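Down below is the structure, laid out as structure tokens.
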Amino acid sequence: MPHYLLSVWHDTGYDDLDDMDFSDPEIQRTQAQVGAVNESMQREGVWVFAAGLRPPATATTVQVKGSDVSMTDGPYAESKEAMGGFWVIEVADLDAALDWAGKATAACERPVEVRRMDSA
């Protein structure tokens with residue numbers, strides 16, 4: 001069965017997890033909603049992996065130019081939005097992935113992009 005990446009998009013100013021106030025009722029509510037979707041994915045056998053990402057400002061961009069490898073602090077792309085987390089799921093087809101993406105976007109209250117993954 002194919003794998004799909006469900007990526008969650010945030011404004012780039014989202015908080016670092018170390019700075020989040022987990023006692024905030026809004027954060028508790030969305031965390032509970034995402035936890036319920038995670039449990040549902042696991043119960044249904046579609047869950048492969050999921051993770052939240054630190055803000056783009058914490059990134060390091062590594063690239064090659066000729067034979068030199070350079071490293072630059074910060075994200076590769078300048079953008080108002082950035083991927084803040086993701087799920088990798090294994091489902092029969094795009095329709096099933098889109099169904100899970102609908103549940104995911106409702107839970108995290110953020111846009112979710114769906115992309116099929118190709119194996120190497």
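Each chain in the structure tokens gets a letter, A, B and so on, in the order shown; residues start at 1 in every chain, and ligands are counted from 1 in the order they appear.
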Point to revise | range 4-109 of chain A: residues DSSP assigns to helix (DSSP H, G or I), reported as a ChimeraX atom specification | key: /A:17-19,25-44,56-58,94-108
Export of prior selection with N, CA and C atoms as a compact mmCIF listing (two decimals), in the first residue's frame:
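Saved result, result-v3.txt, follows:
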# COMPACT_ATOMS: atom_id res chain seq x y z
N LEU A 17 8.25 24.59 21.12
CA LEU A 17 7.61 23.76 22.14
C LEU A 17 8.09 24.09 23.54
N ASP A 18 9.35 24.49 23.67
CA ASP A 18 9.89 24.84 24.98
C ASP A 18 9.20 26.07 25.57
N ASP A 19 8.64 26.92 24.71
CA ASP A 19 8.02 28.16 25.16
C ASP A 19 6.49 28.07 25.25
N PRO A 25 -5.96 26.55 27.75
CA PRO A 25 -7.08 25.70 27.35
C PRO A 25 -7.13 25.43 25.85
N GLU A 26 -6.77 26.39 25.02
CA GLU A 26 -6.77 26.19 23.57
C GLU A 26 -5.75 25.13 23.17
N ILE A 27 -4.56 25.21 23.75
CA ILE A 27 -3.52 24.23 23.44
C ILE A 27 -3.94 22.85 23.94
N GLN A 28 -4.50 22.78 25.13
CA GLN A 28 -4.96 21.50 25.66
C GLN A 28 -6.05 20.89 24.77
N ARG A 29 -6.94 21.73 24.28
CA ARG A 29 -8.03 21.26 23.43
C ARG A 29 -7.49 20.67 22.12
N THR A 30 -6.61 21.41 21.44
CA THR A 30 -6.10 20.90 20.17
C THR A 30 -5.19 19.69 20.39
N GLN A 31 -4.44 19.67 21.47
CA GLN A 31 -3.60 18.50 21.77
C GLN A 31 -4.46 17.26 21.97
N ALA A 32 -5.58 17.42 22.65
CA ALA A 32 -6.49 16.29 22.86
C ALA A 32 -7.09 15.83 21.54
N GLN A 33 -7.45 16.78 20.69
CA GLN A 33 -8.02 16.44 19.37
C GLN A 33 -7.01 15.69 18.51
N VAL A 34 -5.76 16.17 18.49
CA VAL A 34 -4.72 15.51 17.71
C VAL A 34 -4.42 14.13 18.30
N GLY A 35 -4.40 14.04 19.61
CA GLY A 35 -4.18 12.74 20.27
C GLY A 35 -5.26 11.73 19.87
N ALA A 36 -6.50 12.19 19.77
CA ALA A 36 -7.59 11.29 19.38
C ALA A 36 -7.42 10.82 17.93
N VAL A 37 -6.99 11.71 17.04
CA VAL A 37 -6.74 11.31 15.65
C VAL A 37 -5.57 10.33 15.60
N ASN A 38 -4.52 10.58 16.36
CA ASN A 38 -3.38 9.66 16.41
C ASN A 38 -3.83 8.27 16.85
N GLU A 39 -4.62 8.22 17.91
CA GLU A 39 -5.12 6.93 18.41
C GLU A 39 -5.99 6.24 17.37
N SER A 40 -6.82 6.99 16.68
CA SER A 40 -7.68 6.43 15.64
C SER A 40 -6.85 5.86 14.50
N MET A 41 -5.81 6.60 14.08
CA MET A 41 -4.92 6.11 13.01
C MET A 41 -4.25 4.81 13.44
N GLN A 42 -3.79 4.76 14.68
CA GLN A 42 -3.12 3.55 15.17
C GLN A 42 -4.10 2.38 15.24
N ARG A 43 -5.29 2.63 15.74
CA ARG A 43 -6.31 1.59 15.85
C ARG A 43 -6.70 1.04 14.47
N GLU A 44 -6.77 1.93 13.47
CA GLU A 44 -7.15 1.52 12.12
C GLU A 44 -5.99 0.93 11.31
N PRO A 56 10.96 27.16 12.04
CA PRO A 56 11.95 27.28 10.98
C PRO A 56 13.23 28.01 11.40
N ALA A 57 13.13 28.94 12.32
CA ALA A 57 14.32 29.70 12.75
C ALA A 57 15.37 28.78 13.38
N THR A 58 14.96 27.58 13.81
CA THR A 58 15.91 26.65 14.43
C THR A 58 16.60 25.75 13.40
N LEU A 94 -5.47 7.59 -2.64
CA LEU A 94 -5.55 9.02 -2.35
C LEU A 94 -6.85 9.36 -1.61
N ASP A 95 -7.95 8.75 -1.99
CA ASP A 95 -9.22 9.04 -1.31
C ASP A 95 -9.13 8.75 0.19
N ALA A 96 -8.51 7.63 0.56
CA ALA A 96 -8.35 7.30 1.98
C ALA A 96 -7.43 8.31 2.66
N ALA A 97 -6.36 8.71 1.97
CA ALA A 97 -5.45 9.72 2.54
C ALA A 97 -6.17 11.04 2.76
N LEU A 98 -6.99 11.43 1.80
CA LEU A 98 -7.75 12.69 1.94
C LEU A 98 -8.75 12.62 3.08
N ASP A 99 -9.34 11.44 3.29
CA ASP A 99 -10.26 11.27 4.42
C ASP A 99 -9.52 11.49 5.74
N TRP A 100 -8.34 10.89 5.87
CA TRP A 100 -7.55 11.09 7.09
C TRP A 100 -7.09 12.54 7.22
N ALA A 101 -6.74 13.18 6.11
CA ALA A 101 -6.33 14.58 6.15
C ALA A 101 -7.46 15.46 6.65
N GLY A 102 -8.70 15.14 6.28
CA GLY A 102 -9.86 15.88 6.79
C GLY A 102 -9.97 15.78 8.29
N LYS A 103 -9.74 14.59 8.82
CA LYS A 103 -9.77 14.39 10.27
C LYS A 103 -8.61 15.13 10.94
N ALA A 104 -7.44 15.10 10.28
CA ALA A 104 -6.25 15.75 10.83
C ALA A 104 -6.40 17.26 10.88
N THR A 105 -6.90 17.87 9.80
CA THR A 105 -7.03 19.33 9.78
C THR A 105 -8.08 19.79 10.79
N ALA A 106 -9.13 19.00 10.98
CA ALA A 106 -10.14 19.35 11.98
C ALA A 106 -9.54 19.28 13.39
N ALA A 107 -8.65 18.30 13.60
CA ALA A 107 -8.05 18.13 14.93
C ALA A 107 -7.04 19.21 15.27
N CYS A 108 -6.14 19.50 14.33
CA CYS A 108 -5.06 20.46 14.64
C CYS A 108 -5.44 21.89 14.28
Inset, instruction - If you run DSSP over the backbone, which residues in chain A end up strand (DSSP E)? Put them as a PyMOL selection string. - result: chain A and resi 3-11+47-52+60-65+68-73+81-90+112-117
Output N, CA and C atoms for every residue in that selection, as a compact mmCIF listing (two decimals), in the first residue's frame.
# COMPACT_ATOMS: atom_id res chain seq x y z
N HIS A 3 2.30 5.03 0.81
CA HIS A 3 2.44 5.93 1.96
C HIS A 3 2.11 7.36 1.52
N TYR A 4 1.53 8.12 2.43
CA TYR A 4 1.22 9.52 2.18
C TYR A 4 1.76 10.37 3.32
N LEU A 5 2.26 11.55 2.96
CA LEU A 5 2.70 12.54 3.93
C LEU A 5 1.55 13.53 4.12
N LEU A 6 1.10 13.67 5.35
CA LEU A 6 0.11 14.69 5.70
C LEU A 6 0.87 15.75 6.48
N SER A 7 1.18 16.87 5.84
CA SER A 7 1.99 17.91 6.50
C SER A 7 1.08 19.03 7.01
N VAL A 8 1.38 19.47 8.22
CA VAL A 8 0.61 20.51 8.89
C VAL A 8 1.35 21.83 8.72
N TRP A 9 0.61 22.86 8.29
CA TRP A 9 1.23 24.16 8.00
C TRP A 9 0.84 25.20 9.03
N HIS A 10 1.84 25.99 9.46
CA HIS A 10 1.69 27.05 10.46
C HIS A 10 2.24 28.35 9.90
N ASP A 11 1.82 29.46 10.49
CA ASP A 11 2.52 30.71 10.26
C ASP A 11 3.91 30.53 10.86
N TRP A 47 -1.34 4.26 10.72
CA TRP A 47 -0.25 5.04 11.33
C TRP A 47 1.10 4.43 10.96
N VAL A 48 2.01 5.24 10.46
CA VAL A 48 3.40 4.84 10.27
C VAL A 48 4.29 5.65 11.21
N PHE A 49 4.12 6.99 11.19
CA PHE A 49 4.97 7.86 11.99
C PHE A 49 4.35 9.24 12.02
N ALA A 50 4.61 9.98 13.09
CA ALA A 50 4.18 11.38 13.17
C ALA A 50 5.15 12.14 14.06
N ALA A 51 5.25 13.45 13.81
CA ALA A 51 6.13 14.28 14.63
C ALA A 51 5.78 15.75 14.45
N GLY A 52 6.07 16.52 15.48
CA GLY A 52 6.01 17.97 15.39
C GLY A 52 7.41 18.48 15.08
N THR A 60 18.89 24.50 10.10
CA THR A 60 20.17 24.75 9.43
C THR A 60 20.03 24.19 8.03
N THR A 61 20.37 25.00 7.03
CA THR A 61 20.31 24.57 5.64
C THR A 61 21.69 24.12 5.20
N VAL A 62 21.76 22.90 4.67
CA VAL A 62 23.01 22.31 4.20
C VAL A 62 22.87 22.11 2.70
N GLN A 63 23.85 22.61 1.95
CA GLN A 63 23.80 22.43 0.50
C GLN A 63 25.21 22.32 -0.08
N VAL A 64 25.28 21.72 -1.26
CA VAL A 64 26.55 21.53 -1.93
C VAL A 64 26.66 22.51 -3.10
N LYS A 65 27.85 23.07 -3.25
CA LYS A 65 28.18 23.92 -4.39
C LYS A 65 29.53 23.44 -4.90
N ASP A 68 32.13 21.81 -2.44
CA ASP A 68 32.02 22.39 -1.10
C ASP A 68 30.62 22.22 -0.53
N VAL A 69 30.56 21.86 0.73
CA VAL A 69 29.29 21.77 1.44
C VAL A 69 29.21 22.98 2.37
N SER A 70 28.13 23.75 2.24
CA SER A 70 27.98 24.91 3.10
C SER A 70 26.80 24.71 4.04
N MET A 71 26.86 25.37 5.18
CA MET A 71 25.79 25.33 6.17
C MET A 71 25.42 26.74 6.54
N THR A 72 24.11 27.01 6.53
CA THR A 72 23.60 28.34 6.84
C THR A 72 22.50 28.21 7.88
N ASP A 73 22.56 29.05 8.91
CA ASP A 73 21.50 29.04 9.92
C ASP A 73 20.21 29.52 9.30
N GLU A 81 4.70 30.88 5.80
CA GLU A 81 4.21 29.63 6.34
C GLU A 81 5.33 28.60 6.31
N ALA A 82 5.22 27.62 7.23
CA ALA A 82 6.21 26.55 7.27
C ALA A 82 5.55 25.28 7.79
N MET A 83 6.13 24.14 7.41
CA MET A 83 5.64 22.89 7.92
C MET A 83 5.94 22.83 9.42
N GLY A 84 4.91 22.58 10.22
CA GLY A 84 5.08 22.53 11.67
C GLY A 84 5.01 21.13 12.24
N GLY A 85 4.61 20.17 11.42
CA GLY A 85 4.52 18.79 11.84
C GLY A 85 3.98 17.95 10.72
N PHE A 86 3.90 16.63 10.94
CA PHE A 86 3.44 15.75 9.88
C PHE A 86 3.04 14.39 10.42
N TRP A 87 2.27 13.71 9.59
CA TRP A 87 1.97 12.29 9.76
C TRP A 87 2.45 11.58 8.51
N VAL A 88 2.93 10.37 8.64
CA VAL A 88 3.12 9.47 7.52
C VAL A 88 2.13 8.34 7.75
N ILE A 89 1.26 8.12 6.75
CA ILE A 89 0.25 7.07 6.87
C ILE A 89 0.36 6.11 5.70
N GLU A 90 -0.14 4.90 5.88
CA GLU A 90 -0.17 3.90 4.82
C GLU A 90 -1.62 3.52 4.59
N VAL A 112 -3.65 21.14 6.14
CA VAL A 112 -2.89 19.89 5.99
C VAL A 112 -2.74 19.60 4.50
N GLU A 113 -1.51 19.47 4.07
CA GLU A 113 -1.20 19.15 2.67
C GLU A 113 -0.98 17.64 2.55
N VAL A 114 -1.52 17.04 1.50
CA VAL A 114 -1.40 15.60 1.29
C VAL A 114 -0.52 15.35 0.07
N ARG A 115 0.51 14.49 0.26
CA ARG A 115 1.39 14.13 -0.86
C ARG A 115 1.75 12.66 -0.76
N ARG A 116 1.63 11.98 -1.89
CA ARG A 116 2.03 10.57 -1.93
C ARG A 116 3.55 10.49 -1.89
N MET A 117 4.05 9.48 -1.21
CA MET A 117 5.48 9.27 -1.08
C MET A 117 5.91 8.13 -1.99
- Between CA of Arg54 in chain A and CA of Pro75 in chain A - distance in Å to one decimal: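 Straight-line distance from CA of Pro75 in chain A to CA of Arg54 in chain A works out to 11.3 Å.
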